Amino acid sequence: MIYDYIIIGTGVAGLNAARLIPKDKRVLILCKMSTWNCNTFWAQGGIASAVDESDIPTHIKDTLTAGVNYNDKVAVELLSKKSVSVIKNLIADGMKFDLNDNGELAYTKEAAHSRNRILHADGDATGRMMHIFLLEHCPHAIVTQAVVCDLLIKDDICYGVQYFTNETTQKVAYAHTTIIASGGVGSIYRYHTNSTANAGEIQGIIAEKGLPLKDMEMMQFHPTVIRGTTFARKPLLSEALRGEGAYIVDDNGYRFLFDYHKDGELAPRDVVSRSIFDYNKKTGLNVYLSFETFEKKAFKKRFPNIYSNLKELGYDLPFERVPISPAFHYSMGGIETTLDAKVKGMKNLYAIGEAACTGVHGANRLASNSLLEGLVFSEIAVEDSLKNDFKIKKENYDKPIINYVRNQAIDKDLKDNLREMMWTHASIVRDPKTLQTTLDTIESYLKLNVGRLLYLRLLTAKSILKSALERKKSLGAHYIKEN
């Protein structure tokens with residue numbers, strides 16, 4: 001059997017693509033873990049959108065400014081112009097965003113936006129509410145615990161995918177069109193805000209096939225995650241908190257961010273993350289998020305999930321300060337695509353969402369543009385694939401199917417070392433010497449008899465390090481230490 005579509009991933013991009021593919025198409029959706037274990041589910045802040053036609057130029061300008069004008073301007077224009085219609089389409093289909101007292105959409109503000117244009121749902125659970133909505137509107141089959149380990153590619157055509165269903169069993173599925181929506185790379189860093197499913201294996205496959213990865217050095221670190229928890233995925237304190245009055249202080253209650261940038265807490269994320277990193281290193285003082293400008297009842301209403309999550313961790317908000325530090329958050333770089341969401345050089349392979357590099361984020365993503373990118377480019381991918389109606393001939397794929405070993409005994413220690421090295425040497429502040437040493441270590445790991453999944457993670461890490469070494473000057477989220 002040949003599917004019409006295979007979709008890899010069940011976050012906002014993959015599920016929105018599934019929603020838009022006609023119900024009579026044969027669609028196989030592959031989910032690495034469980035459906036909720038994705039970054040969309042954890043997204044707190046909201047979704048950015050031009051409020052109306054008149055706001056499009058300003059949304060474009062804010063996106064370009066945050067991205068240090070390294071963005072693909074045409075892609076940014078496409079994102080903003082389509083934002084109004086994709087939001088209307090979602091609402092028409094039944095998605096409920098929070099309303100203000102007049103019954104109108106309640107737009108809020110986040111860092112680096114020049115006006116209120118962020119929509120949210122259930123206060124601070126926008127991603128989760130959108131994820132539930134998209135799952136409810138998914139008419140196609142989802143296979144969970146399906147870990148993709150290869151793409152069947154020959155002569156610029158993708159014939160389908162190979163995936164693990166457990167530790168040893170592998171399956172092959174063929175499709176006329178394949179859509180990658182597998183998310184980012186967070187789990188190759190020691191501290192991150194991502195789902196544990198996001199480990200960059202698909203980017204590793206792309207590198208292995210000689211297909212283009214772009215801007216892999218452009219990694220965003222979220223400035224405000226809760227410090228002191230034991231798990232790798234750190235609980236996030238949404239950007240929206242600072243947009244609505246929370247501020248960052250040291251042990252003495254000093255708001256030091258204004259020493260680094262005129263916008264203080266509302267400076268772009270890379271500036272805030274670096275400033276916290278630098279200030280802590282220079283002074284040895286701890287850094288906190290303070291909520292003292294909030295009234296308790298209003299805080300609980302606007303941020304119900306953050307309130308209850310922090311209560312479980314022992315904090316009484318808004319009366320207590322919460323210790324914070326930066327952690328890996330989002331990859332601006334990824335699989336290079338054209339403006340029609342196709343993987344560059346391929347006839348029937350698409351990449352959307354965080355896995356893709358469309359060029360919209362440039363050197364630093366503007367807050368809450370990520371859910372929007374997933375919606376806009378999933379719509380573009382489906383429209384383009386339906387128009388092209390590409391058909392594969394299964395018998396044309398005559399390459400051998402390799403029986404991979406998923407994990408080896410040595411993998412765990414190497415995986416831990418990888419995450420530690422990437423956090424220490426390829427995160428907020430980078431030094432060319434230690435980048436090169438880390439790259440050499442990764443190259444030595446690649447020569448060992450490692451499992452397939454770690455091998456692909458190592459290829460992704462290698463692409464990040466090589467890109468970071470090739471960019472000699474600091475730009476946006478890529479910050480080179482001055483010796």
# chains A, B, ... in the order shown; residues from 1 in each chain; ligands from 1
call {"tool": "residues_around", "arguments": {"residues": "A:Arg242", "least_positions_apart": "3", "cutoff": "9 Å", "atoms": "only C-alpha atoms", "output": "ChimeraX atom specification"}}
result
/A:110-111,238-239,245-248,265-266,289,291
call {"tool": "write_last_selection", "arguments": {"atoms": "all heavy atoms", "output": "tab-separated table (two decimals), in the first residue's frame"}}
result
chain	number	residue	atom	x	y	z
A	110	GLU	N	4.20	40.94	24.20
A	110	GLU	CA	5.39	40.25	24.68
A	110	GLU	C	6.62	41.00	24.21
A	110	GLU	O	6.52	41.93	23.40
A	110	GLU	CB	5.41	38.79	24.19
A	110	GLU	CG	4.33	37.94	24.84
A	110	GLU	CD	4.39	36.47	24.45
A	110	GLU	OE1	5.40	36.06	23.85
A	110	GLU	OE2	3.43	35.74	24.75
A	111	ALA	N	7.77	40.58	24.70
A	111	ALA	CA	9.02	41.28	24.40
A	111	ALA	C	9.24	41.44	22.90
A	111	ALA	O	8.98	40.53	22.12
A	111	ALA	CB	10.19	40.52	25.01
A	238	SER	N	6.68	31.90	31.17
A	238	SER	CA	6.36	32.53	29.89
A	238	SER	C	6.82	33.98	29.77
A	238	SER	O	6.80	34.75	30.72
A	238	SER	CB	4.84	32.48	29.68
A	238	SER	OG	4.46	33.34	28.64
A	239	GLU	N	7.21	34.32	28.54
A	239	GLU	CA	7.55	35.69	28.17
A	239	GLU	C	6.40	36.64	28.51
A	239	GLU	O	6.61	37.81	28.83
A	239	GLU	CB	7.79	35.71	26.65
A	239	GLU	CG	8.37	36.98	26.13
A	239	GLU	CD	9.82	36.79	25.72
A	239	GLU	OE1	10.26	35.67	25.52
A	239	GLU	OE2	10.49	37.82	25.61
A	245	GLY	N	4.26	42.67	33.33
A	245	GLY	CA	4.66	43.34	34.56
A	245	GLY	C	5.66	42.64	35.45
A	245	GLY	O	6.18	43.25	36.40
A	246	ALA	N	5.96	41.35	35.23
A	246	ALA	CA	6.99	40.70	36.05
A	246	ALA	C	8.36	41.26	35.66
A	246	ALA	O	8.56	41.65	34.51
A	246	ALA	CB	6.95	39.19	35.82
A	247	TYR	N	9.27	41.32	36.61
A	247	TYR	CA	10.60	41.81	36.25
A	247	TYR	C	11.70	40.98	36.91
A	247	TYR	O	11.45	40.18	37.82
A	247	TYR	CB	10.77	43.31	36.55
A	247	TYR	CG	10.37	43.77	37.93
A	247	TYR	CD1	11.22	43.63	39.02
A	247	TYR	CD2	9.13	44.40	38.13
A	247	TYR	CE1	10.86	44.08	40.28
A	247	TYR	CE2	8.77	44.86	39.40
A	247	TYR	CZ	9.65	44.70	40.47
A	247	TYR	OH	9.28	45.13	41.71
A	248	ILE	N	12.93	41.17	36.41
A	248	ILE	CA	14.06	40.33	36.81
A	248	ILE	C	14.96	41.11	37.76
A	248	ILE	O	15.31	42.26	37.50
A	248	ILE	CB	14.84	39.88	35.55
A	248	ILE	CG1	13.96	38.90	34.74
A	248	ILE	CG2	16.17	39.23	35.90
A	248	ILE	CD1	14.47	38.59	33.34
A	265	GLU	N	13.68	44.14	30.84
A	265	GLU	CA	13.07	42.80	30.73
A	265	GLU	C	12.46	42.55	29.37
A	265	GLU	O	12.25	41.40	28.98
A	265	GLU	CB	11.97	42.63	31.79
A	265	GLU	CG	12.48	42.40	33.19
A	265	GLU	CD	12.83	43.69	33.91
A	265	GLU	OE1	12.52	44.78	33.39
A	265	GLU	OE2	13.40	43.61	35.00
A	266	LEU	N	12.12	43.62	28.65
A	266	LEU	CA	11.45	43.46	27.35
A	266	LEU	C	12.41	43.55	26.16
A	266	LEU	O	11.99	43.69	25.02
A	266	LEU	CB	10.32	44.50	27.21
A	266	LEU	CG	9.19	44.35	28.24
A	266	LEU	CD1	8.10	45.39	28.00
A	266	LEU	CD2	8.58	42.94	28.21
A	289	LEU	N	12.82	35.99	39.15
A	289	LEU	CA	11.69	36.68	38.53
A	289	LEU	C	10.77	37.13	39.66
A	289	LEU	O	10.38	36.33	40.52
A	289	LEU	CB	10.95	35.74	37.57
A	289	LEU	CG	10.00	36.42	36.57
A	289	LEU	CD1	10.74	37.39	35.66
A	289	LEU	CD2	9.28	35.38	35.72
A	291	PHE	N	7.20	38.98	40.89
A	291	PHE	CA	5.81	39.16	40.45
A	291	PHE	C	5.07	40.21	41.28
A	291	PHE	O	3.85	40.26	41.29
A	291	PHE	CB	5.05	37.83	40.56
A	291	PHE	CG	5.72	36.69	39.86
A	291	PHE	CD1	6.61	35.85	40.54
A	291	PHE	CD2	5.50	36.44	38.52
A	291	PHE	CE1	7.24	34.81	39.90
A	291	PHE	CE2	6.13	35.39	37.87
A	291	PHE	CZ	7.00	34.58	38.55
call {"tool": "select_by_dssp", "arguments": {"residues": "stretch 325-362 of chain A", "states": "strand (DSSP E)", "output": "compact mmCIF listing (two decimals) with N, CA, C and O atoms, in the first residue's frame"}}
result
# COMPACT_ATOMS: atom_id res chain seq x y z
N SER A 325 17.04 30.81 35.46
CA SER A 325 18.26 30.84 34.63
C SER A 325 17.82 30.57 33.19
O SER A 325 16.71 30.08 32.97
N PRO A 326 18.66 30.89 32.22
CA PRO A 326 18.32 30.56 30.83
C PRO A 326 18.43 29.05 30.57
O PRO A 326 19.12 28.34 31.29
N ALA A 327 17.73 28.57 29.52
CA ALA A 327 17.86 27.19 29.06
C ALA A 327 17.57 27.17 27.56
O ALA A 327 16.90 28.07 27.04
N PHE A 328 18.05 26.12 26.87
CA PHE A 328 17.76 26.02 25.44
C PHE A 328 16.25 26.00 25.22
O PHE A 328 15.51 25.33 25.94
N HIS A 329 15.81 26.70 24.16
CA HIS A 329 14.36 26.82 23.94
C HIS A 329 13.91 26.51 22.52
O HIS A 329 12.93 25.81 22.32
N TYR A 330 14.63 27.04 21.51
CA TYR A 330 14.08 26.96 20.15
C TYR A 330 15.19 27.03 19.11
O TYR A 330 16.15 27.79 19.26
N SER A 331 15.06 26.23 18.05
CA SER A 331 16.02 26.32 16.95
C SER A 331 15.46 27.14 15.80
O SER A 331 14.47 26.76 15.19
N GLY A 334 17.37 24.90 10.79
CA GLY A 334 16.76 23.59 10.57
C GLY A 334 16.90 23.16 9.12
O GLY A 334 17.85 23.56 8.42
N ILE A 335 15.96 22.36 8.66
CA ILE A 335 15.98 21.83 7.29
C ILE A 335 15.62 22.96 6.34
O ILE A 335 14.55 23.56 6.45
N GLU A 336 16.51 23.26 5.43
CA GLU A 336 16.28 24.42 4.54
C GLU A 336 15.12 24.13 3.58
O GLU A 336 15.08 23.09 2.92
N LEU A 349 9.07 16.17 -0.78
CA LEU A 349 9.38 16.15 0.66
C LEU A 349 9.28 17.57 1.20
O LEU A 349 9.91 18.50 0.69
N TYR A 350 8.46 17.73 2.24
CA TYR A 350 8.22 19.04 2.84
C TYR A 350 8.74 19.05 4.28
O TYR A 350 8.81 18.00 4.93
N ALA A 351 9.08 20.23 4.78
CA ALA A 351 9.44 20.39 6.20
C ALA A 351 8.76 21.64 6.72
O ALA A 351 8.80 22.70 6.08
N ALA A 356 11.93 22.96 10.34
CA ALA A 356 12.28 23.64 9.09
C ALA A 356 13.02 24.95 9.35
O ALA A 356 12.88 25.55 10.42
N CYS A 357 13.79 25.38 8.38
CA CYS A 357 14.31 26.75 8.38
C CYS A 357 13.72 27.46 7.17
O CYS A 357 14.20 27.31 6.05
call {"tool": "residues_around", "arguments": {"residues": "stretch 449-453 of chain A", "least_positions_apart": "6", "cutoff": "8 Å", "atoms": "only C-alpha atoms", "output": "JSON, numbers by chain"}}
result
{"A": [149, 201, 404, 405, 406, 407, 408, 410, 411]}
call {"tool": "write_last_selection", "arguments": {"atoms": "N, CA and C atoms", "output": "CSV table (one decimal), in the first residue's frame"}}
result
chain,number,residue,atom,x,y,z
A,149,CYS,N,13.7,6.4,11.7
A,149,CYS,CA,15.2,6.2,11.7
A,149,CYS,C,15.8,6.3,10.3
A,201,GLU,N,16.8,13.9,15.6
A,201,GLU,CA,17.2,12.8,14.7
A,201,GLU,C,16.9,13.0,13.2
A,404,TYR,N,18.6,-1.4,11.2
A,404,TYR,CA,19.4,-0.6,12.2
A,404,TYR,C,19.3,-1.2,13.6
A,405,VAL,N,20.3,-0.9,14.4
A,405,VAL,CA,20.3,-1.2,15.8
A,405,VAL,C,19.9,0.1,16.5
A,406,ARG,N,18.8,0.1,17.2
A,406,ARG,CA,18.3,1.3,17.8
A,406,ARG,C,19.2,1.9,18.9
A,407,ASN,N,19.6,1.1,19.8
A,407,ASN,CA,20.5,1.6,20.9
A,407,ASN,C,21.6,0.5,21.2
A,408,GLN,N,22.8,1.1,21.6
A,408,GLN,CA,23.9,0.2,22.0
A,408,GLN,C,24.2,0.5,23.5
A,410,ILE,N,26.8,1.5,24.9
A,410,ILE,CA,27.7,2.7,25.2
A,410,ILE,C,26.9,4.0,25.0
A,411,ASP,N,25.7,3.9,24.5
A,411,ASP,CA,25.0,5.1,24.1
A,411,ASP,C,24.7,6.1,25.3
call {"tool": "residues_around", "arguments": {"residues": "A:Leu458", "least_positions_apart": "4", "cutoff": "8 Å", "atoms": "only C-alpha atoms", "output": "PyMOL selection string"}}
result
chain A and resi 204+418+442+445-446+454+462
call {"tool": "closest_atom_pairs", "arguments": {"of": "stretch 457-482 of chain A", "to": "stretch 67-83 of chain A", "cutoff": "10 Å", "atoms": "only C-alpha atoms", "output": "tab-separated table"}}
result
residue	atom	partner	partner_atom	distance
A:Leu475	CA	A:Val68	CA	7.4
A:Gly476	CA	A:Val68	CA	6.1
A:Ala477	CA	A:Gly67	CA	8.8
call {"tool": "closest_atom_pairs", "arguments": {"of": "stretch 48-155 of chain A", "to": "stretch 169-180 of chain A", "cutoff": "12 Å", "atoms": "only C-alpha atoms", "output": "Markdown table"}}
result
| residue | atom | partner | partner_atom | distance |
| --- | --- | --- | --- | --- |
| A:Val143 | CA | A:Lys171 | CA | 11.9 |
| A:Gln145 | CA | A:Thr169 | CA | 11.5 |
| A:Ala146 | CA | A:Gln170 | CA | 9.2 |
| A:Val147 | CA | A:Gln170 | CA | 9.1 |
| A:Val148 | CA | A:Gln170 | CA | 9.2 |
| A:Cys149 | CA | A:Gln170 | CA | 8.8 |
| A:Asp150 | CA | A:Val172 | CA | 9.2 |
| A:Leu151 | CA | A:Thr178 | CA | 9.3 |
| A:Leu152 | CA | A:Tyr174 | CA | 8.4 |
| A:Ile153 | CA | A:Thr178 | CA | 10.8 |
call {"tool": "residues_around", "arguments": {"residues": "A:His59", "least_positions_apart": "4", "cutoff": "7 Å", "atoms": "only C-alpha atoms", "output": "JSON, numbers by chain"}}
result
{"A": [50, 55, 63, 80]}
call {"tool": "residues_around", "arguments": {"residues": "stretch 127-135 of chain A", "least_positions_apart": "5", "cutoff": "12 Å", "atoms": "only C-alpha atoms", "output": "ChimeraX atom specification"}}
result
/A:10-20,29,35-47,87,90-91,93-98,119-122,140-142,238,305,368,370-372,374-375
call {"tool": "atom_distance", "arguments": {"atom1": "atom CA of A:Tyr189", "atom2": "atom CA of A:Pro235"}}
result
15.0 Å
